[in-house]
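Structure file coords_37.txt (compact mmCIF, N, CA and C atoms) is printed below.
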# COMPACT_ATOMS: atom_id res chain seq x y z
N MET G 1 91.70 144.49 -62.07
CA MET G 1 91.44 143.07 -62.23
C MET G 1 91.02 142.49 -60.89
N ALA G 2 89.88 141.80 -60.88
CA ALA G 2 89.40 141.14 -59.68
C ALA G 2 89.99 139.75 -59.60
N VAL G 3 90.41 139.36 -58.39
CA VAL G 3 91.05 138.06 -58.20
C VAL G 3 90.33 137.28 -57.12
N ASP G 4 90.00 136.03 -57.43
CA ASP G 4 89.42 135.09 -56.48
C ASP G 4 90.57 134.28 -55.89
N LEU G 5 90.68 134.30 -54.58
CA LEU G 5 91.70 133.51 -53.89
C LEU G 5 91.03 132.29 -53.28
N VAL G 6 91.65 131.12 -53.41
CA VAL G 6 91.11 129.89 -52.86
C VAL G 6 92.05 129.42 -51.76
N ILE G 7 91.47 129.15 -50.60
CA ILE G 7 92.22 128.68 -49.45
C ILE G 7 91.62 127.35 -49.01
N ASP G 8 92.43 126.32 -48.94
CA ASP G 8 92.00 125.02 -48.46
C ASP G 8 92.10 125.05 -46.94
N VAL G 9 90.97 124.86 -46.25
CA VAL G 9 90.96 124.93 -44.79
C VAL G 9 90.38 123.65 -44.20
N GLU G 10 90.74 123.39 -42.97
CA GLU G 10 90.10 122.30 -42.24
C GLU G 10 88.66 122.71 -41.99
N ASN G 11 87.75 121.77 -42.13
CA ASN G 11 86.35 122.06 -41.89
C ASN G 11 86.05 121.85 -40.42
N THR G 12 86.52 122.79 -39.60
CA THR G 12 86.36 122.71 -38.15
C THR G 12 85.90 124.07 -37.63
N PRO G 13 85.27 124.08 -36.45
CA PRO G 13 84.87 125.36 -35.88
C PRO G 13 86.08 126.28 -35.71
N GLY G 14 85.96 127.49 -36.15
CA GLY G 14 87.03 128.48 -36.00
C GLY G 14 87.95 128.62 -37.19
N ALA G 15 87.87 127.71 -38.16
CA ALA G 15 88.76 127.79 -39.33
C ALA G 15 88.52 129.06 -40.12
N LEU G 16 87.27 129.38 -40.38
CA LEU G 16 86.95 130.61 -41.11
C LEU G 16 87.35 131.84 -40.29
N ALA G 17 87.16 131.77 -39.01
CA ALA G 17 87.55 132.89 -38.14
C ALA G 17 89.04 133.16 -38.23
N GLY G 18 89.84 132.11 -38.32
CA GLY G 18 91.29 132.27 -38.44
C GLY G 18 91.68 132.96 -39.74
N VAL G 19 91.04 132.56 -40.84
CA VAL G 19 91.30 133.20 -42.13
C VAL G 19 90.88 134.66 -42.09
N ALA G 20 89.67 134.91 -41.61
CA ALA G 20 89.15 136.28 -41.56
C ALA G 20 90.02 137.17 -40.67
N ALA G 21 90.48 136.64 -39.55
CA ALA G 21 91.33 137.43 -38.65
C ALA G 21 92.66 137.76 -39.30
N ALA G 22 93.27 136.78 -39.96
CA ALA G 22 94.56 137.02 -40.60
C ALA G 22 94.44 138.13 -41.65
N ILE G 23 93.39 138.07 -42.42
CA ILE G 23 93.21 139.07 -43.49
C ILE G 23 92.88 140.44 -42.90
N SER G 24 91.97 140.46 -41.92
CA SER G 24 91.60 141.77 -41.34
C SER G 24 92.75 142.38 -40.55
N ASP G 25 93.58 141.55 -39.91
CA ASP G 25 94.74 142.07 -39.18
C ASP G 25 95.72 142.76 -40.13
N ALA G 26 95.69 142.38 -41.40
CA ALA G 26 96.55 143.02 -42.40
C ALA G 26 95.89 144.28 -42.97
N GLY G 27 94.69 144.59 -42.48
CA GLY G 27 93.99 145.79 -42.95
C GLY G 27 93.30 145.59 -44.29
N VAL G 28 93.07 144.35 -44.68
CA VAL G 28 92.43 144.06 -45.96
C VAL G 28 90.98 143.66 -45.71
N ASN G 29 90.09 144.24 -46.48
CA ASN G 29 88.67 143.95 -46.37
C ASN G 29 88.30 142.77 -47.26
N ILE G 30 87.49 141.87 -46.75
CA ILE G 30 86.97 140.78 -47.56
C ILE G 30 85.69 141.29 -48.22
N ALA G 31 85.70 141.36 -49.55
CA ALA G 31 84.57 141.89 -50.29
C ALA G 31 83.53 140.82 -50.60
N ALA G 32 83.94 139.56 -50.62
CA ALA G 32 83.02 138.45 -50.86
C ALA G 32 83.68 137.17 -50.40
N ALA G 33 82.85 136.19 -50.08
CA ALA G 33 83.37 134.88 -49.69
C ALA G 33 82.30 133.82 -49.91
N THR G 34 82.77 132.64 -50.21
CA THR G 34 81.91 131.46 -50.24
C THR G 34 82.77 130.27 -49.86
N CYS G 35 82.14 129.31 -49.23
CA CYS G 35 82.89 128.15 -48.76
C CYS G 35 82.10 126.89 -49.07
N VAL G 36 82.78 125.89 -49.62
CA VAL G 36 82.16 124.63 -49.99
C VAL G 36 83.02 123.49 -49.45
N GLY G 37 82.39 122.54 -48.82
CA GLY G 37 83.14 121.39 -48.34
C GLY G 37 82.48 120.74 -47.15
N PRO G 38 81.62 119.74 -47.40
CA PRO G 38 80.95 119.10 -46.28
C PRO G 38 81.82 118.07 -45.55
N GLY G 39 83.01 117.79 -46.06
CA GLY G 39 83.88 116.78 -45.46
C GLY G 39 84.85 117.38 -44.46
N GLU G 40 86.02 116.76 -44.36
CA GLU G 40 87.05 117.21 -43.42
C GLU G 40 87.74 118.49 -43.88
N ARG G 41 87.75 118.74 -45.19
CA ARG G 41 88.38 119.94 -45.74
C ARG G 41 87.32 120.78 -46.44
N ALA G 42 87.55 122.06 -46.51
CA ALA G 42 86.65 122.97 -47.21
C ALA G 42 87.46 123.88 -48.12
N GLU G 43 86.83 124.31 -49.19
CA GLU G 43 87.46 125.22 -50.14
C GLU G 43 86.81 126.59 -49.96
N LEU G 44 87.59 127.52 -49.46
CA LEU G 44 87.11 128.87 -49.20
C LEU G 44 87.55 129.78 -50.34
N HIS G 45 86.59 130.44 -50.98
CA HIS G 45 86.87 131.43 -52.03
C HIS G 45 86.66 132.81 -51.42
N ILE G 46 87.62 133.69 -51.62
CA ILE G 46 87.45 135.06 -51.14
C ILE G 46 87.84 136.05 -52.24
N LEU G 47 87.18 137.17 -52.21
CA LEU G 47 87.48 138.28 -53.11
C LEU G 47 87.96 139.42 -52.23
N VAL G 48 89.17 139.88 -52.49
CA VAL G 48 89.75 140.97 -51.70
C VAL G 48 90.30 142.02 -52.66
N PRO G 49 90.30 143.29 -52.24
CA PRO G 49 90.84 144.33 -53.12
C PRO G 49 92.36 144.30 -53.24
N HIS G 50 93.04 143.70 -52.28
CA HIS G 50 94.51 143.67 -52.28
C HIS G 50 94.98 142.24 -52.09
N ALA G 51 95.05 141.48 -53.19
CA ALA G 51 95.37 140.06 -53.12
C ALA G 51 96.75 139.79 -52.53
N GLU G 52 97.74 140.58 -52.91
CA GLU G 52 99.10 140.31 -52.41
C GLU G 52 99.18 140.48 -50.90
N ALA G 53 98.55 141.52 -50.37
CA ALA G 53 98.56 141.74 -48.92
C ALA G 53 97.83 140.61 -48.20
N ALA G 54 96.72 140.15 -48.77
CA ALA G 54 95.97 139.05 -48.16
C ALA G 54 96.80 137.76 -48.19
N LYS G 55 97.44 137.47 -49.31
CA LYS G 55 98.26 136.26 -49.40
C LYS G 55 99.42 136.31 -48.41
N HIS G 56 100.04 137.45 -48.24
CA HIS G 56 101.14 137.60 -47.29
C HIS G 56 100.64 137.37 -45.86
N ALA G 57 99.50 137.96 -45.53
CA ALA G 57 98.95 137.81 -44.18
C ALA G 57 98.58 136.35 -43.90
N LEU G 58 98.03 135.68 -44.89
CA LEU G 58 97.67 134.28 -44.72
C LEU G 58 98.92 133.41 -44.53
N ALA G 59 99.96 133.68 -45.29
CA ALA G 59 101.20 132.91 -45.18
C ALA G 59 101.80 133.05 -43.79
N ILE G 60 101.78 134.25 -43.25
CA ILE G 60 102.29 134.48 -41.89
C ILE G 60 101.50 133.65 -40.88
N SER G 61 100.21 133.47 -41.14
CA SER G 61 99.34 132.70 -40.23
C SER G 61 99.33 131.21 -40.55
N GLN G 62 100.30 130.76 -41.35
CA GLN G 62 100.40 129.34 -41.73
C GLN G 62 99.21 128.86 -42.55
N LEU G 63 98.58 129.78 -43.29
CA LEU G 63 97.50 129.44 -44.21
C LEU G 63 97.97 129.81 -45.61
N ALA G 64 97.66 128.98 -46.56
CA ALA G 64 98.17 129.23 -47.90
C ALA G 64 97.04 129.34 -48.91
N VAL G 65 97.21 130.23 -49.86
CA VAL G 65 96.32 130.32 -50.99
C VAL G 65 96.72 129.18 -51.93
N THR G 66 95.78 128.29 -52.22
CA THR G 66 96.08 127.14 -53.07
C THR G 66 95.90 127.45 -54.55
N ARG G 67 95.03 128.40 -54.85
CA ARG G 67 94.81 128.83 -56.24
C ARG G 67 94.35 130.27 -56.23
N GLU G 68 94.61 130.93 -57.35
CA GLU G 68 94.05 132.25 -57.54
C GLU G 68 93.74 132.41 -59.02
N ARG G 69 92.72 133.21 -59.31
CA ARG G 69 92.34 133.39 -60.70
C ARG G 69 91.56 134.67 -60.86
N GLU G 70 91.61 135.17 -62.07
CA GLU G 70 90.86 136.37 -62.40
C GLU G 70 89.38 136.01 -62.49
N VAL G 71 88.54 136.90 -62.00
CA VAL G 71 87.09 136.75 -62.08
C VAL G 71 86.49 138.05 -62.57
N VAL G 72 85.23 138.01 -62.93
CA VAL G 72 84.51 139.21 -63.35
C VAL G 72 83.51 139.55 -62.26
N VAL G 73 83.54 140.80 -61.81
CA VAL G 73 82.63 141.28 -60.78
C VAL G 73 81.67 142.27 -61.42
N VAL G 74 80.37 142.03 -61.25
CA VAL G 74 79.35 142.85 -61.89
C VAL G 74 78.51 143.54 -60.83
N ASP G 75 78.37 144.85 -60.96
CA ASP G 75 77.45 145.60 -60.10
C ASP G 75 76.03 145.30 -60.57
N VAL G 76 75.15 144.98 -59.64
CA VAL G 76 73.78 144.64 -60.00
C VAL G 76 72.79 145.39 -59.12
N GLU G 77 71.57 145.45 -59.61
CA GLU G 77 70.46 145.96 -58.82
C GLU G 77 69.90 144.78 -58.04
N ASP G 78 69.61 144.96 -56.78
CA ASP G 78 69.11 143.87 -55.94
C ASP G 78 67.60 143.74 -56.16
N ARG G 79 67.24 142.95 -57.18
CA ARG G 79 65.83 142.72 -57.51
C ARG G 79 65.68 141.35 -58.17
N PRO G 80 64.47 140.80 -58.14
CA PRO G 80 64.25 139.51 -58.78
C PRO G 80 64.56 139.56 -60.28
N GLY G 81 65.18 138.50 -60.78
CA GLY G 81 65.43 138.38 -62.21
C GLY G 81 66.80 138.82 -62.68
N VAL G 82 67.54 139.53 -61.85
CA VAL G 82 68.85 140.04 -62.28
C VAL G 82 69.81 138.89 -62.59
N LEU G 83 69.90 137.92 -61.71
CA LEU G 83 70.80 136.80 -61.95
C LEU G 83 70.37 136.02 -63.19
N ALA G 84 69.07 135.84 -63.38
CA ALA G 84 68.58 135.14 -64.57
C ALA G 84 68.98 135.89 -65.84
N ASP G 85 68.84 137.21 -65.83
CA ASP G 85 69.21 138.02 -67.00
C ASP G 85 70.70 137.89 -67.31
N LEU G 86 71.53 137.99 -66.28
CA LEU G 86 72.98 137.90 -66.49
C LEU G 86 73.40 136.53 -67.00
N THR G 87 72.85 135.50 -66.39
CA THR G 87 73.27 134.16 -66.79
C THR G 87 72.72 133.78 -68.17
N ARG G 88 71.59 134.37 -68.58
CA ARG G 88 71.11 134.17 -69.96
C ARG G 88 72.10 134.77 -70.95
N LYS G 89 72.60 135.97 -70.66
CA LYS G 89 73.60 136.60 -71.54
C LYS G 89 74.84 135.71 -71.67
N ILE G 90 75.28 135.19 -70.54
CA ILE G 90 76.47 134.34 -70.52
C ILE G 90 76.21 133.06 -71.32
N ALA G 91 75.04 132.47 -71.13
CA ALA G 91 74.70 131.23 -71.85
C ALA G 91 74.61 131.48 -73.35
N ARG G 92 74.00 132.61 -73.76
CA ARG G 92 73.90 132.93 -75.20
C ARG G 92 75.28 133.08 -75.82
N ALA G 93 76.26 133.50 -75.04
CA ALA G 93 77.63 133.65 -75.54
C ALA G 93 78.38 132.31 -75.54
N GLY G 94 77.74 131.27 -75.03
CA GLY G 94 78.37 129.96 -75.01
C GLY G 94 79.43 129.79 -73.95
N VAL G 95 79.38 130.61 -72.92
CA VAL G 95 80.39 130.55 -71.86
C VAL G 95 79.88 129.64 -70.74
N ASP G 96 80.73 128.72 -70.32
CA ASP G 96 80.42 127.78 -69.25
C ASP G 96 80.96 128.33 -67.94
N LEU G 97 80.07 128.72 -67.05
CA LEU G 97 80.49 129.22 -65.74
C LEU G 97 80.98 128.07 -64.86
N ASP G 98 82.00 128.34 -64.06
CA ASP G 98 82.44 127.35 -63.09
C ASP G 98 82.53 127.93 -61.68
N LEU G 99 82.10 129.20 -61.54
CA LEU G 99 82.13 129.84 -60.23
C LEU G 99 81.14 131.00 -60.22
N ILE G 100 80.40 131.13 -59.14
CA ILE G 100 79.54 132.29 -58.95
C ILE G 100 79.30 132.46 -57.45
N TYR G 101 79.41 133.68 -56.98
CA TYR G 101 79.01 133.99 -55.62
C TYR G 101 78.68 135.46 -55.51
N VAL G 102 78.00 135.83 -54.44
CA VAL G 102 77.54 137.20 -54.24
C VAL G 102 78.54 137.95 -53.38
N ALA G 103 78.79 139.20 -53.76
CA ALA G 103 79.73 140.06 -53.03
C ALA G 103 78.96 141.18 -52.33
N THR G 104 79.65 141.89 -51.48
CA THR G 104 79.05 143.04 -50.80
C THR G 104 78.69 144.12 -51.82
N ARG G 105 77.87 145.04 -51.40
CA ARG G 105 77.44 146.19 -52.21
C ARG G 105 76.80 145.76 -53.53
N ASP G 106 75.92 144.77 -53.47
CA ASP G 106 75.13 144.35 -54.64
C ASP G 106 76.00 144.03 -55.85
N ARG G 107 76.90 143.09 -55.69
CA ARG G 107 77.76 142.65 -56.78
C ARG G 107 77.71 141.13 -56.87
N VAL G 108 77.94 140.62 -58.07
CA VAL G 108 78.01 139.18 -58.29
C VAL G 108 79.36 138.87 -58.91
N VAL G 109 80.00 137.81 -58.43
CA VAL G 109 81.31 137.37 -58.90
C VAL G 109 81.11 136.15 -59.81
N PHE G 110 81.66 136.22 -61.02
CA PHE G 110 81.57 135.13 -61.98
C PHE G 110 82.96 134.64 -62.35
N GLY G 111 83.11 133.33 -62.52
CA GLY G 111 84.35 132.75 -63.00
C GLY G 111 84.08 131.78 -64.12
N ALA G 112 85.00 131.73 -65.09
CA ALA G 112 84.90 130.80 -66.21
C ALA G 112 86.30 130.56 -66.74
N ALA G 113 86.50 129.42 -67.38
CA ALA G 113 87.80 129.12 -67.97
C ALA G 113 88.16 130.16 -69.03
N ASP G 114 87.16 130.62 -69.78
CA ASP G 114 87.39 131.63 -70.82
C ASP G 114 86.95 133.00 -70.28
N ILE G 115 87.84 133.61 -69.51
CA ILE G 115 87.52 134.89 -68.85
C ILE G 115 87.28 136.00 -69.86
N THR G 116 87.95 135.97 -70.99
CA THR G 116 87.76 137.00 -72.02
C THR G 116 86.35 136.92 -72.59
N ALA G 117 85.89 135.71 -72.89
CA ALA G 117 84.53 135.53 -73.42
C ALA G 117 83.49 135.90 -72.36
N LEU G 118 83.77 135.57 -71.12
CA LEU G 118 82.86 135.92 -70.03
C LEU G 118 82.74 137.44 -69.92
N ARG G 119 83.87 138.11 -69.92
CA ARG G 119 83.86 139.57 -69.83
C ARG G 119 83.09 140.17 -71.01
N ALA G 120 83.32 139.66 -72.21
CA ALA G 120 82.63 140.16 -73.41
C ALA G 120 81.13 139.92 -73.32
N ALA G 121 80.71 138.78 -72.79
CA ALA G 121 79.29 138.47 -72.68
C ALA G 121 78.58 139.44 -71.72
N LEU G 122 79.28 139.83 -70.67
CA LEU G 122 78.68 140.72 -69.68
C LEU G 122 78.81 142.19 -70.02
N ASN G 123 79.79 142.53 -70.86
CA ASN G 123 80.03 143.92 -71.28
C ASN G 123 80.24 143.94 -72.79
N PRO G 124 79.18 143.75 -73.57
CA PRO G 124 79.35 143.61 -75.02
C PRO G 124 80.06 144.77 -75.69
N GLY G 125 79.99 145.96 -75.13
CA GLY G 125 80.62 147.13 -75.74
C GLY G 125 82.06 147.35 -75.29
N SER G 126 82.56 146.52 -74.39
CA SER G 126 83.91 146.76 -73.86
C SER G 126 84.96 146.17 -74.77
N SER G 127 86.15 146.71 -74.68
CA SER G 127 87.25 146.18 -75.46
C SER G 127 87.94 145.08 -74.68
N PRO G 128 88.62 144.13 -75.35
CA PRO G 128 89.31 143.04 -74.64
C PRO G 128 90.32 143.60 -73.66
N GLY G 129 90.37 142.97 -72.49
CA GLY G 129 91.33 143.37 -71.48
C GLY G 129 90.86 144.54 -70.63
N ALA G 130 89.64 145.04 -70.87
CA ALA G 130 89.13 146.18 -70.10
C ALA G 130 88.65 145.76 -68.75

Turn this file's structure into structure tokens for me.
Amino acid sequence: MAVDLVIDVENTPGALAGVAAAISDAGVNIAAATCVGPGERAELHILVPHAEAAKHALAISQLAVTREREVVVVDVEDRPGVLADLTRKIARAGVDLDLIYVATRDRVVFGAADITALRAALNPGSSPGA
């Protein structure tokens, strides 16, 4: 199960560096990240293979995960049209996306309130919970 961790950070120089250092010092690799927040605070989303270790390392550094949720990570070919194809499948299934970002090694991270429907839309042959 892939987990998106959300960390509320001050939107100041070095804030991202502090998060990245805390996680890397724990030996955890950040597989994907996106940050949104033009104001005083920013919402940093990260995808890590070991969520518990990352959360522990952040807590030690006085940084807290404010939310976490299951997401779907899809391996893709890096070529024009791939994102359009995937999002058409999702739209045909009636799933409303509320999160998307690109991960390392040609992967895309998707989030939706209905994670089961999202997973089914992207993997029509898979069984629930796979």

- Answer as a ChimeraX atom specification, residues within 7 Å of (85.4, 136.6, -56.0) using only N, CA and C atoms: /G:2-5,32-33,45-48,71,101,109-110

Using all atoms of region 115-124 of chain G that appear in the file, construct an axis-aligned enclosing box with 3 Å of padding on every side and provide its centre coordinates and edge lengths in Å, rounded to one decimal, as lines of an AutoDock Vina configuration file.
center_x = 83.3
center_y = 139.2
center_z = -72.3
size_x = 15.4
size_y = 17.2
size_z = 12.8

- Task: Rounded to one decimal place, report the CA of Asp8 (chain G)-atom N of Leu44 (chain G) distance in Å.
- Result: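 A separation of 5.2 Å between them.
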
- Message: Quick one: residues within 7 Å of region 29-31 of chain G, all atoms listed in the file, excluding same-chain residues fewer than 3 positions away - as a list in words?
- Response: Ile23, Ser24, Ala26, Ile46, Leu47, Val48, Pro49, His50, Val102, Ala103 and Thr104 of chain G

- Task: Tell me, in Å to one decimal, how far atom N of Ala20 (chain G) is from CA of Ala54 (chain G).
- Result: 10.0 Å

- Best match for closeness to Pro38 (chain G) among G:Ala57, G:Pro124, G:Asn11, G:Lys89, counting all atoms listed in the file: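 Of the candidates, the smallest distance to Pro38 (chain G) is held by G:Asn11.
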
- Message: Env of Ala93 (chain G): 8 Å cut, atoms = all atoms listed in the file, seq-sep filter 3 positions within chain, self excluded. Answer as a ChimeraX atom specification.
- Response: /G:87-90,96,117-118,120-121

- Determine the nearest neighbour of Thr116 (chain G) from the options G:Cys35, G:Val72, G:Ala22, G:Ala91, counting only C-alpha atoms.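 Selected residue with least distance to Thr116 (chain G): G:Val72.
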
- Note on the structure: Using all atoms listed in the file, the best pick from G:Asp25, G:Ala42, G:Arg107, G:Val36 as closest to Glu10 (chain G) would be G:Ala42

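The gap separating atom C of Glu43 (chain G) from CA of Asp85 (chain G) is 27.0 Å, in Å to one decimal.
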
- Query: Which residue gives the smallest distance to Val9 (chain G) among G:Val108, G:Leu83, G:Val95, G:Leu63, with only N, CA and C atoms counted?
  - Reply: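 That would be G:Leu63, the residue with the smallest distance to Val9 (chain G).
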
- Running DSSP on the backbone, which parts of chain G land in strand (DSSP E or B), as a VMD selection string? chain G and resid 2 to 10 32 to 36 41 to 47 65 to 75 97 to 103 107 to 112

Go ahead and save the residues from that selection, with N, CA and C atoms, as a compact mmCIF listing (two decimals), in the coordinates of the input.
# COMPACT_ATOMS: atom_id res chain seq x y z
N ALA G 2 89.88 141.80 -60.88
CA ALA G 2 89.40 141.14 -59.68
C ALA G 2 89.99 139.75 -59.60
N VAL G 3 90.41 139.36 -58.39
CA VAL G 3 91.05 138.06 -58.20
C VAL G 3 90.33 137.28 -57.12
N ASP G 4 90.00 136.03 -57.43
CA ASP G 4 89.42 135.09 -56.48
C ASP G 4 90.57 134.28 -55.89
N LEU G 5 90.68 134.30 -54.58
CA LEU G 5 91.70 133.51 -53.89
C LEU G 5 91.03 132.29 -53.28
N VAL G 6 91.65 131.12 -53.41
CA VAL G 6 91.11 129.89 -52.86
C VAL G 6 92.05 129.42 -51.76
N ILE G 7 91.47 129.15 -50.60
CA ILE G 7 92.22 128.68 -49.45
C ILE G 7 91.62 127.35 -49.01
N ASP G 8 92.43 126.32 -48.94
CA ASP G 8 92.00 125.02 -48.46
C ASP G 8 92.10 125.05 -46.94
N VAL G 9 90.97 124.86 -46.25
CA VAL G 9 90.96 124.93 -44.79
C VAL G 9 90.38 123.65 -44.20
N GLU G 10 90.74 123.39 -42.97
CA GLU G 10 90.10 122.30 -42.24
C GLU G 10 88.66 122.71 -41.99
N ALA G 32 83.94 139.56 -50.62
CA ALA G 32 83.02 138.45 -50.86
C ALA G 32 83.68 137.17 -50.40
N ALA G 33 82.85 136.19 -50.08
CA ALA G 33 83.37 134.88 -49.69
C ALA G 33 82.30 133.82 -49.91
N THR G 34 82.77 132.64 -50.21
CA THR G 34 81.91 131.46 -50.24
C THR G 34 82.77 130.27 -49.86
N CYS G 35 82.14 129.31 -49.23
CA CYS G 35 82.89 128.15 -48.76
C CYS G 35 82.10 126.89 -49.07
N VAL G 36 82.78 125.89 -49.62
CA VAL G 36 82.16 124.63 -49.99
C VAL G 36 83.02 123.49 -49.45
N ARG G 41 87.75 118.74 -45.19
CA ARG G 41 88.38 119.94 -45.74
C ARG G 41 87.32 120.78 -46.44
N ALA G 42 87.55 122.06 -46.51
CA ALA G 42 86.65 122.97 -47.21
C ALA G 42 87.46 123.88 -48.12
N GLU G 43 86.83 124.31 -49.19
CA GLU G 43 87.46 125.22 -50.14
C GLU G 43 86.81 126.59 -49.96
N LEU G 44 87.59 127.52 -49.46
CA LEU G 44 87.11 128.87 -49.20
C LEU G 44 87.55 129.78 -50.34
N HIS G 45 86.59 130.44 -50.98
CA HIS G 45 86.87 131.43 -52.03
C HIS G 45 86.66 132.81 -51.42
N ILE G 46 87.62 133.69 -51.62
CA ILE G 46 87.45 135.06 -51.14
C ILE G 46 87.84 136.05 -52.24
N LEU G 47 87.18 137.17 -52.21
CA LEU G 47 87.48 138.28 -53.11
C LEU G 47 87.96 139.42 -52.23
N VAL G 65 97.21 130.23 -49.86
CA VAL G 65 96.32 130.32 -50.99
C VAL G 65 96.72 129.18 -51.93
N THR G 66 95.78 128.29 -52.22
CA THR G 66 96.08 127.14 -53.07
C THR G 66 95.90 127.45 -54.55
N ARG G 67 95.03 128.40 -54.85
CA ARG G 67 94.81 128.83 -56.24
C ARG G 67 94.35 130.27 -56.23
N GLU G 68 94.61 130.93 -57.35
CA GLU G 68 94.05 132.25 -57.54
C GLU G 68 93.74 132.41 -59.02
N ARG G 69 92.72 133.21 -59.31
CA ARG G 69 92.34 133.39 -60.70
C ARG G 69 91.56 134.67 -60.86
N GLU G 70 91.61 135.17 -62.07
CA GLU G 70 90.86 136.37 -62.40
C GLU G 70 89.38 136.01 -62.49
N VAL G 71 88.54 136.90 -62.00
CA VAL G 71 87.09 136.75 -62.08
C VAL G 71 86.49 138.05 -62.57
N VAL G 72 85.23 138.01 -62.93
CA VAL G 72 84.51 139.21 -63.35
C VAL G 72 83.51 139.55 -62.26
N VAL G 73 83.54 140.80 -61.81
CA VAL G 73 82.63 141.28 -60.78
C VAL G 73 81.67 142.27 -61.42
N VAL G 74 80.37 142.03 -61.25
CA VAL G 74 79.35 142.85 -61.89
C VAL G 74 78.51 143.54 -60.83
N ASP G 75 78.37 144.85 -60.96
CA ASP G 75 77.45 145.60 -60.10
C ASP G 75 76.03 145.30 -60.57
N LEU G 97 80.07 128.72 -67.05
CA LEU G 97 80.49 129.22 -65.74
C LEU G 97 80.98 128.07 -64.86
N ASP G 98 82.00 128.34 -64.06
CA ASP G 98 82.44 127.35 -63.09
C ASP G 98 82.53 127.93 -61.68
N LEU G 99 82.10 129.20 -61.54
CA LEU G 99 82.13 129.84 -60.23
C LEU G 99 81.14 131.00 -60.22
N ILE G 100 80.40 131.13 -59.14
CA ILE G 100 79.54 132.29 -58.95
C ILE G 100 79.30 132.46 -57.45
N TYR G 101 79.41 133.68 -56.98
CA TYR G 101 79.01 133.99 -55.62
C TYR G 101 78.68 135.46 -55.51
N VAL G 102 78.00 135.83 -54.44
CA VAL G 102 77.54 137.20 -54.24
C VAL G 102 78.54 137.95 -53.38
N ALA G 103 78.79 139.20 -53.76
CA ALA G 103 79.73 140.06 -53.03
C ALA G 103 78.96 141.18 -52.33
N ARG G 107 76.90 143.09 -55.69
CA ARG G 107 77.76 142.65 -56.78
C ARG G 107 77.71 141.13 -56.87
N VAL G 108 77.94 140.62 -58.07
CA VAL G 108 78.01 139.18 -58.29
C VAL G 108 79.36 138.87 -58.91
N VAL G 109 80.00 137.81 -58.43
CA VAL G 109 81.31 137.37 -58.90
C VAL G 109 81.11 136.15 -59.81
N PHE G 110 81.66 136.22 -61.02
CA PHE G 110 81.57 135.13 -61.98
C PHE G 110 82.96 134.64 -62.35
N GLY G 111 83.11 133.33 -62.52
CA GLY G 111 84.35 132.75 -63.00
C GLY G 111 84.08 131.78 -64.12
N ALA G 112 85.00 131.73 -65.09
CA ALA G 112 84.90 130.80 -66.21
C ALA G 112 86.30 130.56 -66.74

- Message: Please identify the alpha helix (DSSP H) residues within chain G (assignment by DSSP from backbone atoms) and present them as a ChimeraX atom specification.
- Response: /G:15-25,51-60,82-92,115-122

- Query: Taking only C-alpha atoms into account, which of G:Ala53, G:Gly111, G:Ala84, G:Arg67 comes nearest Gly27 (chain G)?
  - Reply: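 Comparing G:Ala53, G:Gly111, G:Ala84, G:Arg67 against Gly27 (chain G), the winner is G:Ala53.
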